[in-house]
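Asker: Sharing a structure below in C-alpha cells format, with a few things to ask.
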Amino acid sequence: MLKRIPVSSLIGLIFTALFLIVAVFAPFLAPYGNGQIVGGVWEPMSAQYWLGTDNLGRDLLSRMIYGARITIFISVAATALSFTMGSVLGFAAAVIGGWFETLMSRLVDLLMAIPTLIFGLVILSVLPTTIPVLIMVMGILDSTRVYRLSRAVAADINVMDFVEAAKLRGEGTGWIIFREILPNALSPLVSELGLRFIYAVLFLSALSFLGLGVQPPDADWGGMVKENKEGIVFGIPAALIPAAAIAALAISVNLVADWILNRTSSLKGGRG
Amino acid sequence: MASAVHHVDTPPRPKPEDLLLDIRNLKIEARVYPPGETPRDVTIVDGVSLTLARGKVLGLIGESGAGKSTIGLSAMAYGRGGVRITGGEVILNGRDILKTGKDGVRKLRGAEVCYVAQSAAAAFNPAHRLMDQVVEAAILHGSATRAEAEQRAKHLFRKLSLPNPDTIGDRYPHQVSGGQLQRVMTAMALCSEPDLIVFDEPTTALDVTTQIDVLAAIKDAIRDTGVAALYITHDLAVVAQVSDEIMVLRHGKLVEWGGTRQIIKEPRQEYTNALVSVHHIEHEEHAPTANPILSARNITAAYGGGPIKVLKNVSVDIFPGQTLAVVGESGSGKSTLARAITGLLPPEQGSITFAGRTLSNALKDRSRDDLRELQMIYQMADVAMNPRQTVGTIIGRPLEFYFGIKGRERDQRVAELLDKIEMGKGFVDRYPAELSGGQKQRVCIARALAAKPKLIICDEVTSALDPLVAHGILELLLGLQKDENVAYLFITHDLATVKSIADSIAVMYRGEVVRYGPKSRVLTPPFDAYTDLLLSSVPEMEIGWLEKAIKGRRMESAGN
Amino acid sequence: MRLIAQRVAMGILLLFAVSALIFAGTQILPGDVAASILGQSATPQSLANLREELGLNDPAYIRYFRWLGGILTGDLGTALTTRQDIATTLGPRLWNTLFLAFWTAVVAIPLAILLGLLAVRYRNGPIDKTISGFALASTSLPEFFIGYLLIFFFAVKMQWFPSISTVYDGMPFLEKLRAIVLPGTALLLVVLAHMMRMTRAAILNVMQSAYVETAELKGLSQLAIIRKHAFPNAIAPIVNVVMLNLAFLVVGVVVVEVIFVYPGMGQYLVDHVAKRDVPVVQAVGLIFAAVYISLNIVADIASILANPRLRHPR
C-alpha cells in the first residue's frame, strides 16, 4: 500500500506525523516552560532561543510546541464532535427519510445560510470563551457540512440495486446501514475528515487571532499571531512563525487527504 | 505489422476513380492511467485496412472494445479523449488526411466528412436552435448561403419524415423527441453535402419501434443523396439492412470483411458465425399446468400515489418451472410490474398469489419464506452486488440468512453454486470489480439460486451484455431451469430473446397487457395493432427486411 | 419567471429565519446583557434600571419583533458600550467594506476566469499543475499568514505601501486605492484559488461535452468553438461560481480588516464581540448574513436564467 505513494503525499504524511508527535510529547520536547519569561522582548533567533523570544520575552519555540498541543487538541476534539454528530444524523436521515430527514435538512440549510465565522462570532459574543465552549461551537457549526455529505453519500448508496437486493432478501436496517452502506461510504468520509480537520484548525486560529478563541496566558498558534502582531511593523517576524506553522499543518493534512481520496476513488470498490 | 494474425479475404478494390476512402494499416493507441501506476499506452486498433467506394455503405461491427467507433472517427482524423492515431494512412479523396495539418483537417470536417453520434440528445448544443446547428457547417465551409442551407435543411427534414419540417428547426433540442433528434442530426450531417458520413450507432439508444423509422429514414437519405457511409453498430441485423459490405472487428483487429450477403449467409470465420447464429436457441414450449406458481390479478399501481397509473389492471400467471416473458418498450410498465410483484412498489389494487398463498402487498409484511422463494436478478450486475463484498460473501449470505448455514458447509455450498454457474471455486475471494460483465451476471444468478427459489424475476438481465455473452447467460438460465425446476419472470425489450426462452408471453404497452398467452399463440397472427408493430420492428438478419417491414405496418410508432 | 419569484421568496423567508436564529443565538444567556455592561460595579438597583431601560423584562419573542420591526424601518438600535446609534456608525463602515470588496472582485473575477481558462487550455500540463498546486496551498493558508507576509515585505521591508490601511472621508480616490492594495491583495489570494478551481471545473465540464465534440467535427476553429458553443453554456456556471465566491469574499473581509486595521464592518463586528455589545453584533451579523444570502440568490437566478430548458419550455 505504501509502495506507490507519491512524494508529495509522503511529505504530507511525515509532517502530519511530526506535528502529532510534537503535540503529544510537548512537555518533554519544549526547552522552557509555557509561560516562563526567559529573556528580553522579541530577541532574535539564537542558539539559546532557536526561534527567538516573544512579546513578553518567553521562548517562542517552547510556546510553539505547547501551542501545537492546544491547537491540535481543540481541532481534533471539534472534528470528532462534528463528525460523529454529522455522520450519525446524516446516515439516519438518509435511511429513515420522511419527516426526520425534512426537519434535519431544513435546520442544516438554515445554519448554513449564515457564514460560519459570522455565526460563531455572534454566539461567542454572549458565551464565555472557554475551551469546552469553543469545541462545542466549532463542532456543531461544522457538523452541518458533514451532515450534508454523509446524507448525500448514504442516499446515493441507498438507491443502488445491491441495497435493494438486501431489502428484498429481508435484511434488517442494521445490516443495511453497517454492512451494505457504511463500507461503501467510508472512503469519501475519511477524506472529508481530513478537510474538516483543516477547516477546524483554520477556524480556531481565526477566532483566536480575533481574540475570541483560546484566552491568555494559554495560546494556540492563532493566539500567538495576535500576541506578536505588533512586532511586524518593526520588522520583527515573530508573528509569522506560528502563522507559517498553521499553514504547514493545513497543507500537510491536505496532501494526505488528497492522497486518500485519489487512492480510494480510483479503486472503485476493489480490494482496500 | 502489416499481416494480420490470420489470412483474411477482402472484397475487390474499388476502381481508382470510385475510391473515396482508403485506410491503410491503421494503428491507434490510447494512454491509460491505472491508479497509482505509471501511465502506459494500449493499442486499440491494430493494423486495420479498408477501402470504401463513392456512394457505398460499409458496416463496421463488433462487440464493445472492438475499436469500431475509433476507426470510424479516424476517417475524420479525430481521436476521442486520449486516443491517438499512431500509424498508417487515412486517404480521403486522394490525400492522406493525417498529414494535412490542423487547418487541413478543419477544412474537411463538416464538409467532406460528417458525423452522426449515438446520442443526438447530448450532441446538440442545448443553447442554440436546431436550425442554427444544422446549417452551421454548410455555411462555415461556404458550400451554401444561409438561405440556401436552410432551404436544403427543410428539404432534408421532409425527406427524413420529420413532423412540421418547416418549423421544427426553430425548436431547441430539448423540445424534440429522441427519435426525431436522431433524424435531425442525420439532416445536419447531410446538409453540407459531404462525400462521407460516419454513423456511430445512430439507433442504439432508441426503442425498437422508433429505431425502424430512423433506420428507414437514414437508408432512404443515403440512397437519394448518394453519400457514402461508415455505419458503426453492434447489431448485425441492423447493419445488414443498410450496408453494402460488412467488416467484422474484434479486439481492434479485422476478423472478416465481405459483402453483406456473404457475411450473414456464409460467414467464413468462426467468430462471425457465432455472431450470426447468436439468436438461435432451441427451446421447446411448455404448456400451462393446472396450478400457477404465481398469479397476479388486476394489479393497478402508481408511483407516490399519483394520478398516473403506471400499471392498469394487469393479470398474469406464471407456471412452475416455466418462463413468462414480459415484453414492451421503455415506459410500458414492465419493470414496474416486477417492482409490484416483489413488494417494492405495493400495488393500489389487485392481489398476488404465490405458491398457493396470498402475498402481502408491501415488502415489509412478507414472511421470510415468501422473500426466499421469490428472487430477483438485475440488469446492471455491477451495481447489484456490494463492491466491498467478495463473491463468497455475496453468494454465501442468502445461505446464512435463510438457512443458517455457516462455516465449512457454507463454503462447500458456495463452491457447488459456483460450479453450477460454470465458474470455478477460484472466484470465491474475488471482488465484483475483478470480474467481467458476464461473470458478474453469473454471480448474481448464483446468489438468487442460493435461496432455492421457486421464481426468479429477471429484469433485462442480458441487455447490458454483448450478444455472445448474453447468449451464454440465456443458455445457463435455461439449463438451470431444467435442473432446479425454477420459474422465471423474464422482463425484456428484446423480442429475439423472448422467442428463444419463453413459454408464455405478455406484451405490455402503456401500463396494460395488450396480448397474453402461450408463446405459440402470442406469436401467431392475427395480431393486435401494437403487437404487430412491435414484432415487425425487430430487425431480422435478412436483406430487404426493412423495406418489407415498413410496407407491412399498420400503426405509427410512438417516436414519430 | 415563476422559478425566480419562488427563489426570491425563499430567500426572503430564509432571511427572516436567519434573523430569528441570530437573535436566538444571542439569547443563550438570558438577562445577562445588563450585568455584562455594568460589570463589577453593578448594584441590584442599577441592574434593574438598566434592564428596564433596555426592555429586557419583556419576553423574548416581543423583544425579537421589536428588534425586527426596528431593522425593517432602518433603526438598528443603539450600541450598549458607546450609546451611539448603530445605523449612523455603521453607514460609512459598510461603505468602506464594500469599497474593499468591490475592488478586490474587480481584479479577482477576470483573473480567476483567465487562469481557469489557461488551466483548461493546458490541461495536465505544467501550467495546470502549478495552478492547482497553488490552489491547494492557498486554501490551506490562514488569511493572517498572507496578510502579515504582505505587510512584512511590502510595507516594512520595501515600504511601498502603508502597513495600516487607514481610509477616511474626503480622502482622495487614488490615495484610498493605494491604502487598500495590501488588504485587497490578501483577500484576493484567499478567494482566487477557490474561484479559479471552480471556474476550471465549470469550463472543463462544458469542453468535455458531446456538443463541443460535434462542433469540433464540423470543422469549427478552437476560437469559434469556445465563442459559439462553449461560452453560452459555461456562462451560467461561471456566474454561479463568481457569486458564491463573492459571498466567501464578504466573509473573508472580517479577518483581513482586523489585520490591516481597516475601518470596515468586520473590524466593527470583532471589536463589539469582544466588548459583548449584543445589539451591534446582532445588527452587523444580520447584515453580513443578508449580503451572503443575497449573493447566493443571485447565483441561483443566474443559473436559472441561463438554462435553455427553463427559458424555452416544451
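Residues in the C-alpha cells are named by chain (A, B, ... in the order shown) and by number from 1 within that chain; ligands are numbered from 1 in the order shown.
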Considering only C-alpha atoms, tabulate each residue of chain B that lies at most 9 Å from chain C along with its nearest interatomic pair and the corresponding distance in Å to one decimal; arrange the rows by chain and ascending residue number and present them as CSV.
Answerer:
residue,atom,partner,partner_atom,distance
B:Met76,CA,C:Leu217,CA,7.5
B:Tyr78,CA,C:Leu217,CA,7.9
B:Arg80,CA,C:Glu213,CA,8.6
B:Gly81,CA,C:Gln208,CA,8.8
B:Asp103,CA,C:Ser221,CA,8.6
B:Val105,CA,C:Gly219,CA,7.3
B:Arg106,CA,C:Gly219,CA,4.2
B:Lys107,CA,C:Gly219,CA,6.1
B:Leu108,CA,C:Gly219,CA,7.0
B:Arg109,CA,C:Gly219,CA,4.6
B:Gly110,CA,C:Lys218,CA,3.9
B:Ala111,CA,C:Lys218,CA,7.5
B:Val113,CA,C:Lys218,CA,8.6
B:Cys114,CA,C:Lys218,CA,6.9
B:Tyr115,CA,C:Leu217,CA,6.9
B:Val116,CA,C:Thr214,CA,8.7
B:Ala117,CA,C:Thr214,CA,8.3
B:Ser119,CA,C:Ala210,CA,8.6
B:Ala120,CA,C:Ala210,CA,8.9
B:Ala122,CA,C:Ala210,CA,5.6
B:Ala123,CA,C:Tyr211,CA,4.2
B:Phe124,CA,C:Tyr211,CA,5.2
B:Asn125,CA,C:Tyr211,CA,5.2
B:Pro126,CA,C:Pro308,CA,6.5
B:Ala127,CA,C:Pro308,CA,5.7
B:His128,CA,C:Pro308,CA,8.4
B:Gln133,CA,C:Ala215,CA,8.9
B:Glu136,CA,C:Lys218,CA,8.0
B:Ala137,CA,C:Lys218,CA,5.5
B:Ala138,CA,C:Lys218,CA,8.9
B:Leu140,CA,C:Leu220,CA,7.7
B:His141,CA,C:Gly219,CA,8.3
B:Arg171,CA,C:His312,CA,8.8
B:Tyr172,CA,C:His312,CA,7.6
B:His174,CA,C:Arg309,CA,6.7
B:Gln175,CA,C:Arg314,CA,5.0
B:Val176,CA,C:Arg314,CA,8.3
B:Ala189,CA,C:Lys218,CA,8.9
Asker: Could you name the residues that touch region 300-304 of chain C at 7 Å or less, counting only C-alpha atoms, but leaving out those on the same chain fewer than 2 positions away, as number ranges by chain?
Answerer: C: 4, 236-237, 239-240, 296-298, 306-307, 310
Asker: Excluding same-chain residues fewer than 4 positions from region 146-154 of chain C, what lies within 6 Å of it counting only C-alpha atoms, as a list in words?
Answerer: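 Contacts, in chain order: Met158, Gln159, Trp160, Ser163 and Ala186 of chain C.
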Asker: If we count only C-alpha atoms, which residues of chain A reach to within 7 Å of chain C? Please list them as a PyMOL selection string.
Answerer: chain A and resi 110+113-115+118+121-123+125-126+202+210+212+232-233+235+240+243-244+247+250-251
Asker: Leaving out Ile308 (chain B) and any residue of its chain fewer than 4 positions from it, which residues lie within 12 Å of it when counting only C-alpha atoms, given as a PDB file with N, CA and C atoms, in the first residue's frame?
Answerer:
ATOM      1  N   THR B 300     -53.064  -2.773 -10.201  1.00  0.00           N
ATOM      2  CA  THR B 300     -53.006  -1.369 -10.597  1.00  0.00           C
ATOM      3  C   THR B 300     -52.028  -0.678  -9.656  1.00  0.00           C
ATOM      4  N   ALA B 301     -51.100   0.086 -10.223  1.00  0.00           N
ATOM      5  CA  ALA B 301     -50.097   0.723  -9.372  1.00  0.00           C
ATOM      6  C   ALA B 301     -49.740   2.097  -9.906  1.00  0.00           C
ATOM      7  N   ALA B 302     -49.324   2.981  -8.990  1.00  0.00           N
ATOM      8  CA  ALA B 302     -48.885   4.330  -9.353  1.00  0.00           C
ATOM      9  C   ALA B 302     -47.726   4.701  -8.447  1.00  0.00           C
ATOM     10  N   TYR B 303     -46.817   5.546  -8.952  1.00  0.00           N
ATOM     11  CA  TYR B 303     -45.704   5.991  -8.112  1.00  0.00           C
ATOM     12  C   TYR B 303     -46.148   7.114  -7.201  1.00  0.00           C
ATOM     13  N   GLY B 304     -45.823   6.970  -5.925  1.00  0.00           N
ATOM     14  CA  GLY B 304     -46.128   8.009  -4.946  1.00  0.00           C
ATOM     15  C   GLY B 304     -47.608   8.322  -4.841  1.00  0.00           C
ATOM     16  N   LYS B 312     -52.047  -0.803 -15.221  1.00  0.00           N
ATOM     17  CA  LYS B 312     -53.512  -0.735 -15.227  1.00  0.00           C
ATOM     18  C   LYS B 312     -54.082  -2.140 -15.352  1.00  0.00           C
ATOM     19  N   GLY B 333     -44.250  -0.149 -18.543  1.00  0.00           N
ATOM     20  CA  GLY B 333     -44.628  -0.608 -17.213  1.00  0.00           C
ATOM     21  C   GLY B 333     -44.107  -1.988 -16.892  1.00  0.00           C
ATOM     22  N   GLU B 348     -51.863  -0.559  -5.713  1.00  0.00           N
ATOM     23  CA  GLU B 348     -53.020   0.073  -5.090  1.00  0.00           C
ATOM     24  C   GLU B 348     -54.214  -0.876  -5.077  1.00  0.00           C
ATOM     25  N   ARG B 510     -47.983   0.904 -22.538  1.00  0.00           N
ATOM     26  CA  ARG B 510     -48.542   1.973 -21.695  1.00  0.00           C
ATOM     27  C   ARG B 510     -49.279   1.438 -20.474  1.00  0.00           C
ATOM     28  N   GLY B 511     -48.649   0.546 -19.752  1.00  0.00           N
ATOM     29  CA  GLY B 511     -49.195   0.101 -18.479  1.00  0.00           C
ATOM     30  C   GLY B 511     -50.208  -1.017 -18.565  1.00  0.00           C
TER      31      GLY B 511
END
Asker: Got a sec: who's within 7 Å of Ala296 (chain B), counting only C-alpha atoms, leaving out chain neighbours fewer than 3 positions off, as a list in words?
Answerer: Ile299, Ser315, Val316, Asp317, Ser351, Ile352 and Thr353 of chain B
Asker: Would you save the residues from that selection as a PDB file, in the first residue's frame, using C-alpha atoms?
Answerer:
ATOM      1  CA  ILE B 299     -52.776  -5.159 -10.485  1.00  0.00           C
ATOM      2  CA  SER B 315     -53.220 -10.020 -14.711  1.00  0.00           C
ATOM      3  CA  VAL B 316     -50.659 -12.717 -15.497  1.00  0.00           C
ATOM      4  CA  ASP B 317     -49.878 -16.294 -14.401  1.00  0.00           C
ATOM      5  CA  SER B 351     -53.799  -9.355  -5.437  1.00  0.00           C
ATOM      6  CA  ILE B 352     -50.834 -11.643  -5.890  1.00  0.00           C
ATOM      7  CA  THR B 353     -50.975 -15.356  -5.077  1.00  0.00           C
TER       8      THR B 353
END
Asker: Residues within 10 Å of Pro132 (chain A), please, as JSON, numbers by chain. Count only C-alpha atoms; anything in the same chain fewer than 6 positions from it doesn't count.
Answerer: {"A": [74, 77, 78, 138]}
Asker: Could you turn the residues from that selection into a file that holds N, CA, C and O atoms, as a JSON list (two decimals), in the first residue's frame?
Answerer:
[["chain", "number", "residue", "atom", "x", "y", "z"],
["A", 74, "ILE", "N", -7.75, 20.97, 20.37],
["A", 74, "ILE", "CA", -9.08, 21.56, 20.17],
["A", 74, "ILE", "C", -9.63, 21.17, 18.79],
["A", 74, "ILE", "O", -10.80, 20.80, 18.65],
["A", 77, "ALA", "N", -10.72, 17.54, 18.75],
["A", 77, "ALA", "CA", -11.95, 17.36, 19.52],
["A", 77, "ALA", "C", -13.14, 17.89, 18.74],
["A", 77, "ALA", "O", -14.19, 17.23, 18.63],
["A", 78, "ALA", "N", -12.99, 19.09, 18.15],
["A", 78, "ALA", "CA", -14.11, 19.69, 17.40],
["A", 78, "ALA", "C", -14.44, 18.83, 16.18],
["A", 78, "ALA", "O", -15.61, 18.60, 15.87],
["A", 138, "MET", "N", -17.51, 25.12, 17.57],
["A", 138, "MET", "CA", -16.88, 24.71, 16.32],
["A", 138, "MET", "C", -17.47, 23.40, 15.81],
["A", 138, "MET", "O", -17.76, 23.25, 14.62]]
Asker: From the DSSP assignment of the backbone, select every residue of region 204-436 of chain B that is helix (DSSP H, G or I), and format the answer as number ranges by chain.
Answerer: B: 208-225, 236-242, 260-265, 270-276, 303-305, 334-342, 363-365, 368-373, 381-383, 391-403, 407-420, 425-427, 432-434
Asker: Show me, as a PyMOL selection string, the residues that have an atom within 7 Å of Trp545 (chain B) when counting only C-alpha atoms, minus same-chain residues fewer than 4 positions from it.
Answerer: chain B and resi 241+540+549
Asker: For the residues in that selection, give me N, CA, C and O atoms as a PDB file, in the first residue's frame.
Answerer:
ATOM      1  N   GLN B 241     -29.282  -4.269 -42.951  1.00  0.00           N
ATOM      2  CA  GLN B 241     -30.308  -3.546 -43.693  1.00  0.00           C
ATOM      3  C   GLN B 241     -29.745  -2.404 -44.511  1.00  0.00           C
ATOM      4  O   GLN B 241     -30.304  -2.029 -45.525  1.00  0.00           O
ATOM      5  N   GLU B 540     -34.505  -8.289 -38.517  1.00  0.00           N
ATOM      6  CA  GLU B 540     -34.152  -9.673 -38.792  1.00  0.00           C
ATOM      7  C   GLU B 540     -32.933  -9.692 -39.686  1.00  0.00           C
ATOM      8  O   GLU B 540     -32.729  -8.804 -40.512  1.00  0.00           O
ATOM      9  N   ALA B 549     -40.823  -4.639 -43.838  1.00  0.00           N
ATOM     10  CA  ALA B 549     -41.422  -4.313 -42.543  1.00  0.00           C
ATOM     11  C   ALA B 549     -42.144  -2.980 -42.606  1.00  0.00           C
ATOM     12  O   ALA B 549     -43.258  -2.833 -42.103  1.00  0.00           O
TER      13      ALA B 549
END
Asker: What are the closest atom pairs, with distances in Å to one decimal, for each residue of chain B lying within 6 Å of chain A, using only C-alpha atoms, rows by chain and rising residue number, as a Markdown table?
Answerer:
| residue | atom | partner | partner_atom | distance |
| --- | --- | --- | --- | --- |
| B:Pro35 | CA | A:Ser266 | CA | 5.7 |
| B:Leu371 | CA | A:Arg169 | CA | 6.0 |
| B:Val383 | CA | A:Asp161 | CA | 5.6 |
| B:Ala384 | CA | A:Phe162 | CA | 4.1 |
| B:Met385 | CA | A:Phe162 | CA | 4.9 |
| B:Asn386 | CA | A:Phe162 | CA | 5.6 |
| B:Pro387 | CA | A:Gly269 | CA | 5.0 |
| B:Arg388 | CA | A:Gly269 | CA | 5.8 |
| B:Ala433 | CA | A:Gly270 | CA | 5.7 |
Asker: Hey, can you spit out that residue selection with N, CA and C atoms as a compact mmCIF listing (two decimals), in the first residue's frame?
Answerer:
# COMPACT_ATOMS: atom_id res chain seq x y z
N PRO B 35 -4.62 3.45 -11.66
CA PRO B 35 -4.37 4.16 -10.40
C PRO B 35 -3.04 3.76 -9.78
N LEU B 371 -40.07 -14.22 0.83
CA LEU B 371 -38.95 -13.49 0.26
C LEU B 371 -37.95 -14.45 -0.37
N VAL B 383 -23.90 -3.00 -10.27
CA VAL B 383 -24.44 -2.26 -9.13
C VAL B 383 -25.38 -3.13 -8.29
N ALA B 384 -25.60 -4.36 -8.73
CA ALA B 384 -26.47 -5.25 -7.96
C ALA B 384 -25.68 -6.02 -6.91
N MET B 385 -24.34 -5.83 -6.93
CA MET B 385 -23.52 -6.50 -5.91
C MET B 385 -22.77 -5.44 -5.13
N ASN B 386 -22.66 -5.64 -3.83
CA ASN B 386 -21.90 -4.73 -3.00
C ASN B 386 -20.42 -4.82 -3.38
N PRO B 387 -19.84 -3.70 -3.87
CA PRO B 387 -18.46 -3.76 -4.35
C PRO B 387 -17.45 -4.09 -3.25
N ARG B 388 -17.86 -3.99 -1.99
CA ARG B 388 -16.93 -4.27 -0.88
C ARG B 388 -17.06 -5.69 -0.36
N ALA B 433 -15.43 -6.03 -8.85
CA ALA B 433 -14.67 -5.22 -9.81
C ALA B 433 -13.68 -6.06 -10.60
Asker: If I take CA of Leu523 (chain B) and CA of Lys499 (chain B), how far is one from the other in Å, to one decimal?
Answerer: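 Between CA of Leu523 (chain B) and CA of Lys499 (chain B) the gap works out to 8.7 Å.
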